[in-house]
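Visitor: So that we are looking at the same thing, I have put the structure below in structure tokens.
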Amino acid sequence: MSRRTAPQKKTDELAFPIRLRFAIPDGGLGMRADALNHWLQYEVGPGDYAVHSSAGLAQDAFSIYLRDITGAQALVEAFPALKLADGTQSCVYVSPAQSGAWQGMELFSVCNLYSMTAGQAAIRRWFDGIDDRTGNLPPLPGIYPDYAAPVVCRNDGNTMLSMMRWGMPSPQFALKGKKTDRGVTNVRNTKSPHWRRWLGVENRCVVPFTSFSEPLTRVGEKSKPVWFALSEDRPLAFFAGIWTEWTSVRKLKDGETTDNLFGFLTTDANAEVGTIHPKAMPVILRTQGEVERWLGAETYDALTLQQPLPDGSLQIMSQG
């Protein structure tokens with residue numbers, strides 16, 4: 001990790017507003033430095049990050065500057081052995097050139113809880129000739145990671161509603177030294193080779209929901225979910241998602257299982273979500289035209305839907 005000049009550091013602080021600051025372990029980074037550099041080149045991409053080393057408060061440290069918090073989340077998950085540099089509760093800050101700061105919990109909590117209470121008949125009304133394989137689907141007021149949830153996908157031209165497990169396969173680098181794969185619930189970096197393979201029409205899906213939550217975290221207080229919906233009557237809408245059939249060990253007690261897995265895309269936050277979670281929200285589809293476009297359009301066209309809802313499109317329904 002080479003030191004960079006003060007003017008270059010100022011430039012990087014403006015260009016890359018998210019900073020991760022880690023302690024250099026006793027004995028140095030060793031081979032971990034090569035793995036880190038390879039990960040940054042492969043997953044983030046040249047020109048989309050910067051690395052600086054400097055003397056920490058109690059030990060040598062290095063900082064990695066990134067463009068958004070999604071890259072920070074993936075990096076922390078990929079290198080869990082790296083320790084904080086200065087004893088704070090979070091290794092993630094807005095750079096000194098920006099205002100505000102994030103709590104560490106936000107690295108792992110972009111919409112990891114939602115509800116689907118409209119019932120399967122409401123889902124079927126959106127699609128002609130849908131093959132419903134969910135059986136007697138009850139209301140689902142709290143869907144958490146690794147839960148089974150209803151998902152709509154296309155298979156050989158047929159539209160199918162079925163239950164899938166929430167959490168796409170993790171990248172290989174994130175599984176080193178781990179015995180289980182808990183899955184990745186939210187996908188932001190669609191340029192990553194790991195995610196690109198599932199962006200074709202055969203692996204796109206839509207995930208029905210009626211409300212979703214983002215965590216409200218305040219200093220000295222326990223985090224609590226804030227629930228958002230399109231209106232007070234919580235109408236049905238869909239997350240833009242991807243899915244795949246995958247064999248892995250999700251839980252040690254279950255051993256290796258083959259499951260249909262799903263996750264959904266995130267994007268920048270709009271005004272309502274931004275007051276609670278400043279940097280991300282799910283990609284939400286509100287019309288049949290948007291749903292059909294996500295399920296059937298060419299990839300470059302479908303990905304133009306990866307954008308926040310217009311400001312004023314969501315309401316806060318409750319907290320807790």
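A note on labels: chains of the structure tokens are A, B, ... as shown, every chain counts residues from 1, and ligands are counted from 1 in their shown order.
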Quick check for you: according to DSSP on this backbone, which residues of segment 53-302 of chain A are classed as strand (DSSP E or B)? Reply as number ranges by chain.
Guide: A: 53-55, 60-66, 84, 92-94, 114-116, 131-132, 140-143, 148-155, 158-166, 168, 184, 186-187, 204-209, 211-216, 224-229, 237-249, 256-267, 281-282, 284-285
Visitor: Need the shell around Trp126 of chain A: protein/DNA/RNA residues with any atom at most 12 Å away, counting only C-alpha atoms. Skip same-chain ones fewer than 3 positions apart. Format as a VMD selection string?
Guide: chain A and resid 120 to 123 129 to 130 152 159 to 161 206 208 236 to 238 286 to 292
Visitor: Write the selection just made, keeping all heavy atoms, as a short mmCIF file (atom, residue, chain, number, x, y, z; two decimals), in the first residue's frame?
Guide:
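The result, written out as again_34.cif:
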data_model
loop_
_atom_site.label_atom_id
_atom_site.label_comp_id
_atom_site.auth_asym_id
_atom_site.auth_seq_id
_atom_site.Cartn_x
_atom_site.Cartn_y
_atom_site.Cartn_z
N GLN A 120 -52.04 -14.14 -2.86
CA GLN A 120 -51.59 -14.59 -4.17
C GLN A 120 -52.56 -14.22 -5.29
O GLN A 120 -52.16 -14.08 -6.45
CB GLN A 120 -51.35 -16.10 -4.14
CG GLN A 120 -52.59 -16.94 -3.89
CD GLN A 120 -52.24 -18.28 -3.29
OE1 GLN A 120 -52.37 -18.47 -2.10
NE2 GLN A 120 -51.78 -19.22 -4.11
N ALA A 121 -53.86 -14.05 -4.98
CA ALA A 121 -54.81 -13.64 -6.01
C ALA A 121 -54.44 -12.27 -6.57
O ALA A 121 -54.58 -12.03 -7.78
CB ALA A 121 -56.23 -13.63 -5.44
N ALA A 122 -53.97 -11.39 -5.71
CA ALA A 122 -53.55 -10.06 -6.17
C ALA A 122 -52.35 -10.16 -7.10
O ALA A 122 -52.25 -9.41 -8.09
CB ALA A 122 -53.21 -9.18 -4.96
N ILE A 123 -51.44 -11.08 -6.82
CA ILE A 123 -50.29 -11.28 -7.70
C ILE A 123 -50.75 -11.82 -9.05
O ILE A 123 -50.31 -11.35 -10.11
CB ILE A 123 -49.27 -12.25 -7.06
CG1 ILE A 123 -48.80 -11.73 -5.70
CG2 ILE A 123 -48.07 -12.47 -7.98
CD1 ILE A 123 -47.94 -12.72 -4.93
N GLY A 129 -52.42 -15.91 -17.48
CA GLY A 129 -52.03 -17.31 -17.57
C GLY A 129 -50.88 -17.71 -16.67
O GLY A 129 -50.10 -18.61 -17.01
N ILE A 130 -50.74 -17.07 -15.52
CA ILE A 130 -49.63 -17.39 -14.63
C ILE A 130 -49.82 -18.76 -13.99
O ILE A 130 -50.94 -19.15 -13.62
CB ILE A 130 -49.47 -16.29 -13.54
CG1 ILE A 130 -48.16 -16.49 -12.76
CG2 ILE A 130 -50.67 -16.25 -12.62
CD1 ILE A 130 -47.82 -15.33 -11.84
N VAL A 152 -41.96 -14.16 -8.98
CA VAL A 152 -42.49 -14.38 -10.32
C VAL A 152 -41.33 -14.38 -11.31
O VAL A 152 -40.52 -13.44 -11.33
CB VAL A 152 -43.51 -13.31 -10.72
CG1 VAL A 152 -43.99 -13.53 -12.16
CG2 VAL A 152 -44.70 -13.30 -9.76
N THR A 159 -45.02 -17.86 -17.51
CA THR A 159 -44.88 -17.06 -16.30
C THR A 159 -45.25 -17.92 -15.10
O THR A 159 -46.32 -18.54 -15.07
CB THR A 159 -45.78 -15.83 -16.36
OG1 THR A 159 -45.50 -15.08 -17.54
CG2 THR A 159 -45.55 -14.94 -15.15
N MET A 160 -44.39 -17.94 -14.09
CA MET A 160 -44.57 -18.85 -12.95
C MET A 160 -44.41 -18.09 -11.64
O MET A 160 -43.50 -17.28 -11.48
CB MET A 160 -43.55 -19.98 -13.03
CG MET A 160 -43.67 -21.01 -11.92
SD MET A 160 -42.57 -22.44 -12.21
CE MET A 160 -40.96 -21.62 -12.15
N LEU A 161 -45.32 -18.38 -10.70
CA LEU A 161 -45.22 -17.87 -9.33
C LEU A 161 -44.83 -19.03 -8.43
O LEU A 161 -45.54 -20.04 -8.36
CB LEU A 161 -46.57 -17.28 -8.90
CG LEU A 161 -46.69 -16.87 -7.42
CD1 LEU A 161 -45.74 -15.74 -7.09
CD2 LEU A 161 -48.14 -16.48 -7.10
N VAL A 206 -39.41 -10.86 -10.63
CA VAL A 206 -39.95 -9.75 -9.85
C VAL A 206 -40.46 -10.32 -8.53
O VAL A 206 -40.99 -11.43 -8.47
CB VAL A 206 -41.08 -9.00 -10.60
CG1 VAL A 206 -40.51 -8.27 -11.80
CG2 VAL A 206 -42.19 -9.94 -11.03
N PRO A 208 -42.88 -9.73 -5.38
CA PRO A 208 -44.02 -8.95 -4.89
C PRO A 208 -43.85 -8.54 -3.43
O PRO A 208 -43.35 -9.30 -2.60
CB PRO A 208 -45.20 -9.91 -5.06
CG PRO A 208 -44.59 -11.27 -5.06
CD PRO A 208 -43.24 -11.13 -5.66
N LEU A 236 -49.97 -3.53 -3.83
CA LEU A 236 -48.96 -4.45 -4.31
C LEU A 236 -48.02 -3.76 -5.29
O LEU A 236 -48.45 -3.00 -6.16
CB LEU A 236 -49.64 -5.65 -5.00
CG LEU A 236 -48.73 -6.73 -5.58
CD1 LEU A 236 -47.96 -7.45 -4.48
CD2 LEU A 236 -49.57 -7.71 -6.40
N ALA A 237 -46.74 -4.02 -5.15
CA ALA A 237 -45.73 -3.58 -6.11
C ALA A 237 -44.66 -4.68 -6.16
O ALA A 237 -44.80 -5.72 -5.51
CB ALA A 237 -45.14 -2.24 -5.70
N PHE A 238 -43.59 -4.44 -6.92
CA PHE A 238 -42.59 -5.48 -7.13
C PHE A 238 -41.18 -4.91 -7.05
O PHE A 238 -40.93 -3.78 -7.50
CB PHE A 238 -42.77 -6.14 -8.50
CG PHE A 238 -44.08 -6.86 -8.66
CD1 PHE A 238 -45.23 -6.17 -9.03
CD2 PHE A 238 -44.18 -8.22 -8.42
CE1 PHE A 238 -46.44 -6.82 -9.18
CE2 PHE A 238 -45.39 -8.89 -8.56
CZ PHE A 238 -46.52 -8.18 -8.94
N ARG A 286 -43.70 -0.27 -10.35
CA ARG A 286 -45.06 0.06 -9.92
C ARG A 286 -46.12 -0.20 -10.98
O ARG A 286 -47.31 -0.16 -10.67
CB ARG A 286 -45.12 1.54 -9.51
CG ARG A 286 -44.26 1.90 -8.32
CD ARG A 286 -44.39 3.38 -8.00
NE ARG A 286 -43.84 4.22 -9.06
CZ ARG A 286 -43.98 5.54 -9.12
NH1 ARG A 286 -44.70 6.16 -8.19
NH2 ARG A 286 -43.44 6.24 -10.11
N THR A 287 -45.74 -0.41 -12.23
CA THR A 287 -46.71 -0.58 -13.31
C THR A 287 -46.47 -1.90 -14.03
O THR A 287 -45.38 -2.47 -13.98
CB THR A 287 -46.60 0.57 -14.32
OG1 THR A 287 -45.36 0.46 -15.03
CG2 THR A 287 -46.68 1.92 -13.62
N GLN A 288 -47.50 -2.36 -14.74
CA GLN A 288 -47.35 -3.58 -15.52
C GLN A 288 -46.30 -3.40 -16.62
O GLN A 288 -45.57 -4.33 -16.95
CB GLN A 288 -48.69 -4.00 -16.12
CG GLN A 288 -49.66 -4.58 -15.09
CD GLN A 288 -50.92 -5.11 -15.72
OE1 GLN A 288 -51.46 -4.51 -16.63
NE2 GLN A 288 -51.38 -6.26 -15.23
N GLY A 289 -46.23 -2.19 -17.17
CA GLY A 289 -45.23 -1.92 -18.19
C GLY A 289 -43.82 -2.08 -17.66
O GLY A 289 -42.95 -2.67 -18.33
N GLU A 290 -43.56 -1.59 -16.45
CA GLU A 290 -42.23 -1.73 -15.85
C GLU A 290 -41.93 -3.20 -15.55
O GLU A 290 -40.80 -3.66 -15.76
CB GLU A 290 -42.14 -0.89 -14.59
CG GLU A 290 -42.12 0.61 -14.85
CD GLU A 290 -42.16 1.42 -13.58
OE1 GLU A 290 -42.62 0.90 -12.53
OE2 GLU A 290 -41.73 2.59 -13.62
N VAL A 291 -42.93 -3.91 -15.04
CA VAL A 291 -42.73 -5.33 -14.73
C VAL A 291 -42.40 -6.11 -15.99
O VAL A 291 -41.46 -6.92 -16.03
CB VAL A 291 -43.97 -5.91 -14.03
CG1 VAL A 291 -43.91 -7.44 -13.98
CG2 VAL A 291 -44.11 -5.34 -12.62
N GLU A 292 -43.16 -5.89 -17.07
CA GLU A 292 -42.92 -6.60 -18.32
C GLU A 292 -41.56 -6.23 -18.91
O GLU A 292 -40.87 -7.07 -19.49
CB GLU A 292 -44.03 -6.30 -19.32
CG GLU A 292 -45.36 -6.95 -18.97
CD GLU A 292 -45.26 -8.47 -18.90
OE1 GLU A 292 -44.57 -9.06 -19.76
OE2 GLU A 292 -45.84 -9.06 -17.97
#
Visitor: Hey, which of A:His277, A:His52, A:Arg154, A:Lys251 ends up closest to Pro225 of chain A? Count only C-alpha atoms.
Guide: A:His277
Visitor: Could you give me, as a short mmCIF file (atom, residue, chain, number, x, y, z; two decimals) with C-alpha atoms, in the first residue's frame, the residues within 8 Å of segment 178-193 of chain A, counting only C-alpha atoms and dropping anything in the same chain fewer than 5 positions from it?
Guide:
data_model
loop_
_atom_site.label_atom_id
_atom_site.label_comp_id
_atom_site.auth_asym_id
_atom_site.auth_seq_id
_atom_site.Cartn_x
_atom_site.Cartn_y
_atom_site.Cartn_z
CA TYR A 42 -11.77 -7.33 -10.24
CA GLU A 43 -14.86 -6.31 -8.24
CA VAL A 44 -14.59 -2.51 -8.09
CA THR A 70 -22.44 -0.99 -1.65
CA GLY A 71 -18.78 -1.46 -2.53
CA VAL A 110 -30.12 -2.34 3.11
CA CYS A 111 -33.73 -3.56 3.05
CA ASN A 112 -33.29 -6.90 4.79
CA PRO A 145 -33.02 -13.09 4.67
CA ASP A 146 -33.03 -16.83 3.91
CA TRP A 166 -34.01 -15.01 -0.23
CA GLY A 167 -30.28 -14.63 -0.77
CA MET A 168 -28.31 -15.08 -4.00
CA PRO A 169 -25.02 -17.05 -4.01
CA SER A 170 -22.12 -15.11 -2.50
CA LEU A 199 -28.88 -10.39 -15.63
CA SER A 248 -24.70 -24.85 -1.40
CA VAL A 249 -24.64 -25.18 2.39
CA ARG A 250 -26.93 -22.48 3.76
CA LYS A 251 -27.05 -23.96 7.28
CA LEU A 252 -24.66 -26.52 8.74
CA PHE A 262 -33.39 -14.76 -5.36
CA GLY A 263 -32.23 -11.26 -4.56
CA PHE A 264 -33.23 -7.82 -5.77
CA LEU A 265 -31.48 -4.75 -7.07
CA THR A 266 -30.85 -1.57 -5.10
CA THR A 267 -30.16 1.97 -6.24
CA PRO A 282 -34.68 -1.23 -3.53
#
Visitor: Restricting the calculation to only C-alpha atoms, which member of A:Pro139, A:Val151, A:Ser223, A:Leu82 is positioned closest to Gly28 of chain A?
Guide: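 Of A:Pro139, A:Val151, A:Ser223, A:Leu82, the one nearest Gly28 of chain A is A:Leu82, counting only C-alpha atoms.
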Visitor: Could you jot down the atom CA of Ile284 of chain A to atom CA of Phe239 of chain A separation for me, Å, one decimal place?
Guide: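 Separation of atom CA of Ile284 of chain A and atom CA of Phe239 of chain A: 4.7 Å.
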Visitor: Expressed in Å to a single decimal, how great is the separation between atom CA of Asp131 of chain A and atom CA of Cys153 of chain A?
Guide: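 For atom CA of Asp131 of chain A relative to atom CA of Cys153 of chain A, the distance reads 10.1 Å.
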